[in-house]
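Participant: Structure supplied as input_1.txt; contents: compact mmCIF, C-alpha atoms and all ligand atoms.
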```
# COMPACT_ATOMS: atom_id res chain seq x y z
CA MET Q 26 -31.14 4.30 -4.81
CA PRO Q 27 -31.36 2.46 -1.53
CA ALA Q 28 -33.02 -0.92 -1.77
CA THR Q 29 -33.18 -1.35 1.97
CA GLN Q 30 -33.18 1.02 4.89
CA PRO Q 31 -29.76 1.50 6.43
CA SER Q 32 -29.59 0.14 9.93
CA ALA Q 33 -26.04 0.96 10.90
CA LEU Q 34 -23.22 3.38 10.45
CA VAL Q 35 -20.30 2.30 8.33
CA LEU Q 36 -16.77 3.11 9.42
CA ARG Q 37 -13.60 4.40 7.81
CA GLY Q 38 -12.49 1.91 5.17
CA HIS Q 39 -16.01 1.38 3.77
CA PRO Q 40 -15.94 2.23 0.03
CA ALA Q 41 -18.85 4.72 0.30
CA LEU Q 42 -16.80 6.86 2.70
CA HIS Q 43 -13.97 7.20 0.20
CA ALA Q 44 -15.94 7.78 -3.00
CA HIS Q 45 -17.49 10.71 -4.86
CA ALA Q 46 -21.21 10.35 -4.15
CA ASP Q 47 -23.83 10.48 -6.91
CA PRO Q 48 -26.25 13.41 -7.30
CA VAL Q 49 -29.80 12.70 -6.14
CA LYS Q 50 -32.19 12.52 -9.08
CA ASP Q 51 -35.07 10.61 -7.57
CA PHE Q 52 -36.38 12.25 -4.40
CA LEU Q 53 -39.12 9.71 -3.63
CA PRO Q 54 -37.00 7.13 -1.75
CA LEU Q 55 -35.35 9.83 0.39
CA LEU Q 56 -37.95 10.06 3.13
CA ALA Q 57 -37.26 6.60 4.54
CA LEU Q 58 -33.51 7.06 4.15
CA THR Q 59 -33.45 10.42 5.94
CA GLN Q 60 -35.63 9.12 8.75
CA ALA Q 61 -33.22 6.23 9.33
CA MET Q 62 -30.23 8.60 9.15
CA ARG Q 63 -31.81 11.02 11.64
CA GLN Q 64 -32.41 8.18 14.06
CA LEU Q 65 -28.80 7.01 13.77
CA MET Q 66 -27.52 10.56 14.22
CA GLU Q 67 -29.53 10.92 17.43
CA THR Q 68 -28.53 7.50 18.75
CA HIS Q 69 -24.84 8.28 18.25
CA ASP Q 70 -25.05 11.93 19.42
CA GLY Q 71 -23.99 13.33 16.05
CA ILE Q 72 -24.54 16.93 14.96
CA GLY Q 73 -24.67 15.92 11.29
CA ILE Q 74 -24.78 12.78 9.18
CA ALA Q 75 -24.14 12.17 5.49
CA ALA Q 76 -25.58 9.37 3.35
CA PRO Q 77 -22.15 7.74 2.74
CA GLN Q 78 -21.93 7.25 6.51
CA VAL Q 79 -24.75 4.72 6.20
CA GLY Q 80 -23.23 3.19 3.08
CA GLU Q 81 -25.35 5.13 0.56
CA SER Q 82 -23.29 6.94 -2.05
CA LEU Q 83 -25.71 9.84 -2.53
CA ARG Q 84 -25.27 13.61 -2.29
CA LEU Q 85 -27.42 14.01 0.80
CA PHE Q 86 -26.81 14.93 4.43
CA LEU Q 87 -28.68 16.25 7.44
CA VAL Q 88 -27.87 18.33 10.47
CA ALA Q 89 -29.22 18.10 14.02
CA LYS Q 90 -31.18 21.35 13.93
CA GLU Q 91 -32.16 21.21 17.61
CA LEU Q 92 -28.50 21.37 18.69
CA PHE Q 93 -28.10 24.90 17.30
CA PRO Q 94 -29.16 28.14 18.99
CA PRO Q 95 -32.62 29.54 18.11
CA GLU Q 96 -31.28 32.23 15.76
CA VAL Q 97 -29.51 29.54 13.73
CA GLN Q 98 -32.54 27.23 13.81
CA ASN Q 99 -34.62 30.07 12.36
CA LYS Q 100 -32.29 30.27 9.37
CA LEU Q 101 -32.35 26.50 8.84
CA LEU Q 102 -35.50 26.17 6.76
CA SER Q 103 -34.53 22.57 6.04
CA ASP Q 104 -32.34 20.22 8.06
CA VAL Q 105 -31.97 17.98 5.00
CA PHE Q 106 -29.46 19.05 2.34
CA VAL Q 107 -29.75 17.39 -1.07
CA ASN Q 108 -27.26 18.06 -3.89
CA ALA Q 109 -25.69 20.85 -1.82
CA LYS Q 110 -22.82 22.97 -3.04
CA ILE Q 111 -20.84 25.87 -1.63
CA VAL Q 112 -21.28 28.99 -3.75
CA ARG Q 113 -19.26 31.38 -1.58
CA ARG Q 114 -16.58 30.93 1.09
CA SER Q 115 -14.73 33.43 3.23
CA PHE Q 116 -11.04 33.96 2.74
CA LYS Q 117 -10.65 33.85 6.52
CA ARG Q 118 -10.25 30.37 7.91
CA ILE Q 119 -10.57 29.32 11.52
CA LYS Q 120 -9.36 26.23 13.32
CA ASP Q 121 -11.49 24.11 15.61
CA GLU Q 122 -11.71 20.55 16.84
CA GLU Q 123 -13.78 18.00 14.95
CA GLY Q 124 -14.82 14.40 15.34
CA CYS Q 125 -16.84 12.06 13.14
CA LEU Q 126 -19.28 9.19 13.59
CA SER Q 127 -17.28 7.28 10.97
CA VAL Q 128 -14.04 7.56 12.95
CA PRO Q 129 -15.33 7.05 16.50
CA GLY Q 130 -13.28 8.35 19.40
CA VAL Q 131 -10.87 10.32 17.22
CA TYR Q 132 -10.61 14.12 17.32
CA GLY Q 133 -8.39 16.68 15.68
CA THR Q 134 -8.10 20.30 14.61
CA VAL Q 135 -9.28 21.30 11.16
CA ALA Q 136 -8.94 24.74 9.52
CA ARG Q 137 -11.97 25.75 7.45
CA PRO Q 138 -13.44 28.93 5.96
CA GLU Q 139 -15.25 30.83 8.71
CA ARG Q 140 -18.27 31.67 6.55
CA ILE Q 141 -19.89 29.94 3.62
CA THR Q 142 -22.97 30.27 1.48
CA MET Q 143 -24.52 27.00 0.45
CA GLU Q 144 -27.12 26.23 -2.19
CA SER Q 145 -29.10 23.06 -1.76
CA GLN Q 146 -32.40 21.30 -2.24
CA THR Q 147 -34.85 20.15 0.41
CA LEU Q 148 -36.25 16.66 0.76
CA SER Q 149 -38.98 17.61 -1.71
CA GLY Q 150 -36.55 19.10 -4.20
CA LYS Q 151 -37.15 22.77 -3.42
CA LYS Q 152 -34.06 24.92 -3.85
CA PHE Q 153 -32.80 27.01 -0.94
CA ARG Q 154 -29.74 28.99 0.03
CA ILE Q 155 -28.19 29.52 3.45
CA ALA Q 156 -25.39 31.77 4.69
CA ALA Q 157 -23.65 30.10 7.61
CA SER Q 158 -20.90 30.96 10.05
CA GLY Q 159 -19.47 29.44 13.21
CA LEU Q 160 -20.42 25.89 14.10
CA LEU Q 161 -23.05 25.57 11.38
CA ALA Q 162 -20.53 26.55 8.67
CA ARG Q 163 -18.14 23.96 10.04
CA VAL Q 164 -20.74 21.18 10.18
CA LEU Q 165 -22.01 21.92 6.65
CA GLN Q 166 -18.46 21.79 5.28
CA HIS Q 167 -17.65 18.58 7.18
CA GLU Q 168 -20.79 16.90 5.83
CA LEU Q 169 -20.23 18.13 2.28
CA ASP Q 170 -16.70 16.69 2.43
CA HIS Q 171 -18.25 13.26 3.08
CA LEU Q 172 -19.93 13.47 -0.33
CA ASP Q 173 -16.53 13.84 -1.96
CA GLY Q 174 -14.96 10.96 -0.07
CA THR Q 175 -13.05 13.20 2.32
CA LEU Q 176 -12.90 12.58 6.07
CA PHE Q 177 -11.88 15.23 8.62
CA ILE Q 178 -8.78 13.19 9.45
CA ASP Q 179 -7.61 13.82 5.86
CA LYS Q 180 -7.65 17.59 6.53
CA ALA Q 181 -6.77 17.74 10.24
CA VAL Q 182 -3.49 19.11 11.51
CA ARG Q 183 -1.76 15.78 11.87
CA GLU Q 184 -0.12 16.33 15.25
CA THR Q 185 -3.48 17.34 16.80
CA LEU Q 186 -5.15 14.01 16.02
CA HIS Q 187 -5.87 12.11 19.21
CA GLU Q 188 -7.99 9.26 20.43
CA LEU Q 189 -10.24 9.38 23.47
CA LEU Q 190 -9.96 5.99 25.17
CA PRO Q 191 -12.87 4.42 27.07
CA ASP Q 192 -11.10 5.15 30.39
CA GLY Q 193 -11.04 8.86 29.54
CA THR Q 194 -7.36 9.18 28.67
CA LEU Q 195 -6.11 10.74 25.45
CA GLN Q 196 -3.45 9.33 23.22
CA PRO Q 197 -1.97 10.51 19.94
CA TRP Q 198 -3.63 8.91 16.93
CA ASN Q 199 -2.19 8.13 13.55
CA PRO Q 200 -4.29 7.13 10.55
ZN ZN Q 301 -18.19 12.96 9.61
```
Would you kindly transcribe this structure into structure tokens?
Ligand SMILES: [Zn+2]
Facilitator:
Amino acid sequence: MPATQPSALVLRGHPALHAHADPVKDFLPLLALTQAMRQLMETHDGIGIAAPQVGESLRLFLVAKELFPPEVQNKLLSDVFVNAKIVRRSFKRIKDEEGCLSVPGVYGTVARPERITMESQTLSGKKFRIAASGLLARVLQHELDHLDGTLFIDKAVRETLHELLPDGTLQPWNP
């Protein structure tokens, strides 16, 4: 459990980003951790953030609820996902571009199941289930991958990976 509040994102290469995160057993310290994570997510314009991205190897992530349309927000009873797992995934996969706060400036195309059903717990340990499609399904899968030490660049179509330079130009990117 976190001894101190995280104050910064960690980047690719940090051990927490490449490890299998531990299940959450003690929910009490999570409030401070999720508040710090939410703040970092907002500061860095993220749509989701997972605990390993702040160096905490715990099965916990959150999504930026306010960035989704109202009908999706209504389904999102909790924006905090603790000990989440996918219980159903569509056979159909779709490709779309992704980026990640842990690999800043890099984007690439990732194929993922179009629809998933996820079971999770809230910040207070209450179990819930959500059926997601579109962007939410993609974000939930991206964040869950973080808990298994997988980054989107590990799954992206290699030749689509590119870096957005500060001057606005794009260049191919290789891990
Ligand atoms: Zn990410």
Participant: Just want the residues within 7 Å of ligand ZN 301 (chain Q), written as a VMD selection string, counting only C-alpha atoms and all ligand atoms.
Facilitator: chain Q and resid 74 124 to 127 167 to 168 171 176 to 177
Participant: For the residues selected in the previous step, produce a file with C-alpha atoms as a compact mmCIF listing (two decimals), in the frame of the given file.
Facilitator:
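result-v2.txt, freshly written:
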```
# COMPACT_ATOMS: atom_id res chain seq x y z
CA ILE Q 74 -24.78 12.78 9.18
CA GLY Q 124 -14.82 14.40 15.34
CA CYS Q 125 -16.84 12.06 13.14
CA LEU Q 126 -19.28 9.19 13.59
CA SER Q 127 -17.28 7.28 10.97
CA HIS Q 167 -17.65 18.58 7.18
CA GLU Q 168 -20.79 16.90 5.83
CA HIS Q 171 -18.25 13.26 3.08
CA LEU Q 176 -12.90 12.58 6.07
CA PHE Q 177 -11.88 15.23 8.62
```
Participant: Just checking: using all atoms listed in the file, which residue out of Q:Ser149, Q:Gln196, Q:Thr59, Q:Thr185 ends up closest to Q:Val135?
Facilitator: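 Going through Q:Ser149, Q:Gln196, Q:Thr59, Q:Thr185 one by one, the smallest distance to Q:Val135 is for Q:Thr185.
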Participant: I need the residue nearest Q:Phe86 from this list: Q:Asp51, Q:Asp170, Q:Glu67, Q:Glu122. Use all atoms listed in the file for the distance.
Facilitator: Q:Asp170
Participant: Pick the closest to Q:Leu58 from Q:Glu81, Q:Gly73, Q:Pro191, Q:Pro40: which is it, counting all atoms listed in the file?
Facilitator: Q:Glu81
Participant: When distances are computed from all atoms listed in the file, which of Q:Gly80, Q:Gly174, Q:Lys110, Q:Leu92 shows the smallest separation from Q:His43?
Facilitator: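 When distances to Q:His43 are compared using all atoms listed in the file, the smallest one comes from Q:Gly174.
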Participant: Which of these residues is nearest to Q:Leu36, using only C-alpha atoms: Q:Asp70, Q:Pro129, Q:Glu184, Q:Pro197?
Facilitator: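 Closest candidate: Q:Pro129.
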Participant: For stretch 145-176 of chain Q, which lacks atoms in the input, supply N, CA and C atoms and format the output as an mmCIF file, keeping the file's coordinate frame.
Facilitator:
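out.cif, written as the output of this step:
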```
data_model
loop_
_atom_site.group_PDB
_atom_site.id
_atom_site.type_symbol
_atom_site.label_atom_id
_atom_site.label_comp_id
_atom_site.auth_asym_id
_atom_site.auth_seq_id
_atom_site.Cartn_x
_atom_site.Cartn_y
_atom_site.Cartn_z
ATOM 1 N N SER Q 145 -28.720 24.454 -1.934
ATOM 2 C CA SER Q 145 -29.100 23.060 -1.760
ATOM 3 C C SER Q 145 -30.549 22.870 -2.172
ATOM 4 N N GLN Q 146 -30.999 21.622 -2.057
ATOM 5 C CA GLN Q 146 -32.400 21.300 -2.240
ATOM 6 C C GLN Q 146 -32.923 20.631 -0.981
ATOM 7 N N THR Q 147 -34.217 20.811 -0.726
ATOM 8 C CA THR Q 147 -34.850 20.150 0.410
ATOM 9 C C THR Q 147 -35.205 18.712 0.013
ATOM 10 N N LEU Q 148 -35.787 18.023 0.971
ATOM 11 C CA LEU Q 148 -36.250 16.660 0.760
ATOM 12 C C LEU Q 148 -37.253 16.554 -0.395
ATOM 13 N N SER Q 149 -37.989 17.639 -0.621
ATOM 14 C CA SER Q 149 -38.980 17.610 -1.710
ATOM 15 C C SER Q 149 -38.447 18.238 -2.990
ATOM 16 N N GLY Q 150 -37.153 18.599 -2.982
ATOM 17 C CA GLY Q 150 -36.550 19.100 -4.200
ATOM 18 C C GLY Q 150 -36.556 20.610 -4.353
ATOM 19 N N LYS Q 151 -37.098 21.309 -3.354
ATOM 20 C CA LYS Q 151 -37.150 22.770 -3.420
ATOM 21 C C LYS Q 151 -35.761 23.352 -3.176
ATOM 22 N N LYS Q 152 -35.388 24.321 -4.006
ATOM 23 C CA LYS Q 152 -34.060 24.920 -3.850
ATOM 24 C C LYS Q 152 -34.055 25.943 -2.721
ATOM 25 N N PHE Q 153 -32.962 25.977 -1.966
ATOM 26 C CA PHE Q 153 -32.800 27.010 -0.940
ATOM 27 C C PHE Q 153 -31.328 27.354 -0.810
ATOM 28 N N ARG Q 154 -31.088 28.465 -0.121
ATOM 29 C CA ARG Q 154 -29.740 28.990 0.030
ATOM 30 C C ARG Q 154 -29.571 29.398 1.481
ATOM 31 N N ILE Q 155 -28.413 29.125 2.059
ATOM 32 C CA ILE Q 155 -28.190 29.520 3.450
ATOM 33 C C ILE Q 155 -26.773 30.079 3.601
ATOM 34 N N ALA Q 156 -26.688 31.198 4.323
ATOM 35 C CA ALA Q 156 -25.390 31.770 4.690
ATOM 36 C C ALA Q 156 -25.101 31.315 6.108
ATOM 37 N N ALA Q 157 -23.955 30.683 6.312
ATOM 38 C CA ALA Q 157 -23.650 30.100 7.610
ATOM 39 C C ALA Q 157 -22.283 30.551 8.099
ATOM 40 N N SER Q 158 -22.188 30.664 9.431
ATOM 41 C CA SER Q 158 -20.900 30.960 10.050
ATOM 42 C C SER Q 158 -20.790 30.082 11.291
ATOM 43 N N GLY Q 159 -19.642 30.161 11.953
ATOM 44 C CA GLY Q 159 -19.470 29.440 13.210
ATOM 45 C C GLY Q 159 -19.636 27.937 13.050
ATOM 46 N N LEU Q 160 -20.283 27.356 14.071
ATOM 47 C CA LEU Q 160 -20.420 25.890 14.100
ATOM 48 C C LEU Q 160 -21.192 25.352 12.900
ATOM 49 N N LEU Q 161 -22.258 26.062 12.503
ATOM 50 C CA LEU Q 161 -23.050 25.570 11.380
ATOM 51 C C LEU Q 161 -22.208 25.512 10.095
ATOM 52 N N ALA Q 162 -21.404 26.541 9.860
ATOM 53 C CA ALA Q 162 -20.530 26.550 8.670
ATOM 54 C C ALA Q 162 -19.582 25.359 8.710
ATOM 55 N N ARG Q 163 -19.070 25.080 9.889
ATOM 56 C CA ARG Q 163 -18.140 23.960 10.040
ATOM 57 C C ARG Q 163 -18.838 22.618 9.776
ATOM 58 N N VAL Q 164 -20.016 22.449 10.353
ATOM 59 C CA VAL Q 164 -20.740 21.180 10.180
ATOM 60 C C VAL Q 164 -21.117 20.980 8.706
ATOM 61 N N LEU Q 165 -21.606 22.045 8.065
ATOM 62 C CA LEU Q 165 -22.010 21.920 6.650
ATOM 63 C C LEU Q 165 -20.810 21.534 5.781
ATOM 64 N N GLN Q 166 -19.648 22.112 6.070
ATOM 65 C CA GLN Q 166 -18.460 21.790 5.280
ATOM 66 C C GLN Q 166 -17.975 20.368 5.548
ATOM 67 N N HIS Q 167 -18.035 19.954 6.810
ATOM 68 C CA HIS Q 167 -17.650 18.580 7.180
ATOM 69 C C HIS Q 167 -18.542 17.578 6.457
ATOM 70 N N GLU Q 168 -19.854 17.840 6.470
ATOM 71 C CA GLU Q 168 -20.790 16.900 5.830
ATOM 72 C C GLU Q 168 -20.617 16.887 4.314
ATOM 73 N N LEU Q 169 -20.427 18.067 3.729
ATOM 74 C CA LEU Q 169 -20.230 18.130 2.280
ATOM 75 C C LEU Q 169 -18.968 17.356 1.880
ATOM 76 N N ASP Q 170 -17.932 17.447 2.698
ATOM 77 C CA ASP Q 170 -16.700 16.690 2.430
ATOM 78 C C ASP Q 170 -16.978 15.187 2.308
ATOM 79 N N HIS Q 171 -17.911 14.691 3.144
ATOM 80 C CA HIS Q 171 -18.250 13.260 3.080
ATOM 81 C C HIS Q 171 -18.720 12.858 1.677
ATOM 82 N N LEU Q 172 -19.377 13.789 0.985
ATOM 83 C CA LEU Q 172 -19.930 13.470 -0.330
ATOM 84 C C LEU Q 172 -18.839 13.405 -1.405
ATOM 85 N N ASP Q 173 -17.665 13.913 -1.035
ATOM 86 C CA ASP Q 173 -16.530 13.840 -1.960
ATOM 87 C C ASP Q 173 -15.478 12.857 -1.480
ATOM 88 N N GLY Q 174 -15.875 12.000 -0.538
ATOM 89 C CA GLY Q 174 -14.960 10.960 -0.070
ATOM 90 C C GLY Q 174 -13.858 11.446 0.852
ATOM 91 N N THR Q 175 -14.066 12.630 1.436
ATOM 92 C CA THR Q 175 -13.050 13.200 2.320
ATOM 93 C C THR Q 175 -13.500 13.131 3.771
ATOM 94 N N LEU Q 176 -12.626 12.609 4.640
ATOM 95 C CA LEU Q 176 -12.900 12.580 6.070
ATOM 96 C C LEU Q 176 -12.109 13.692 6.754
#
```
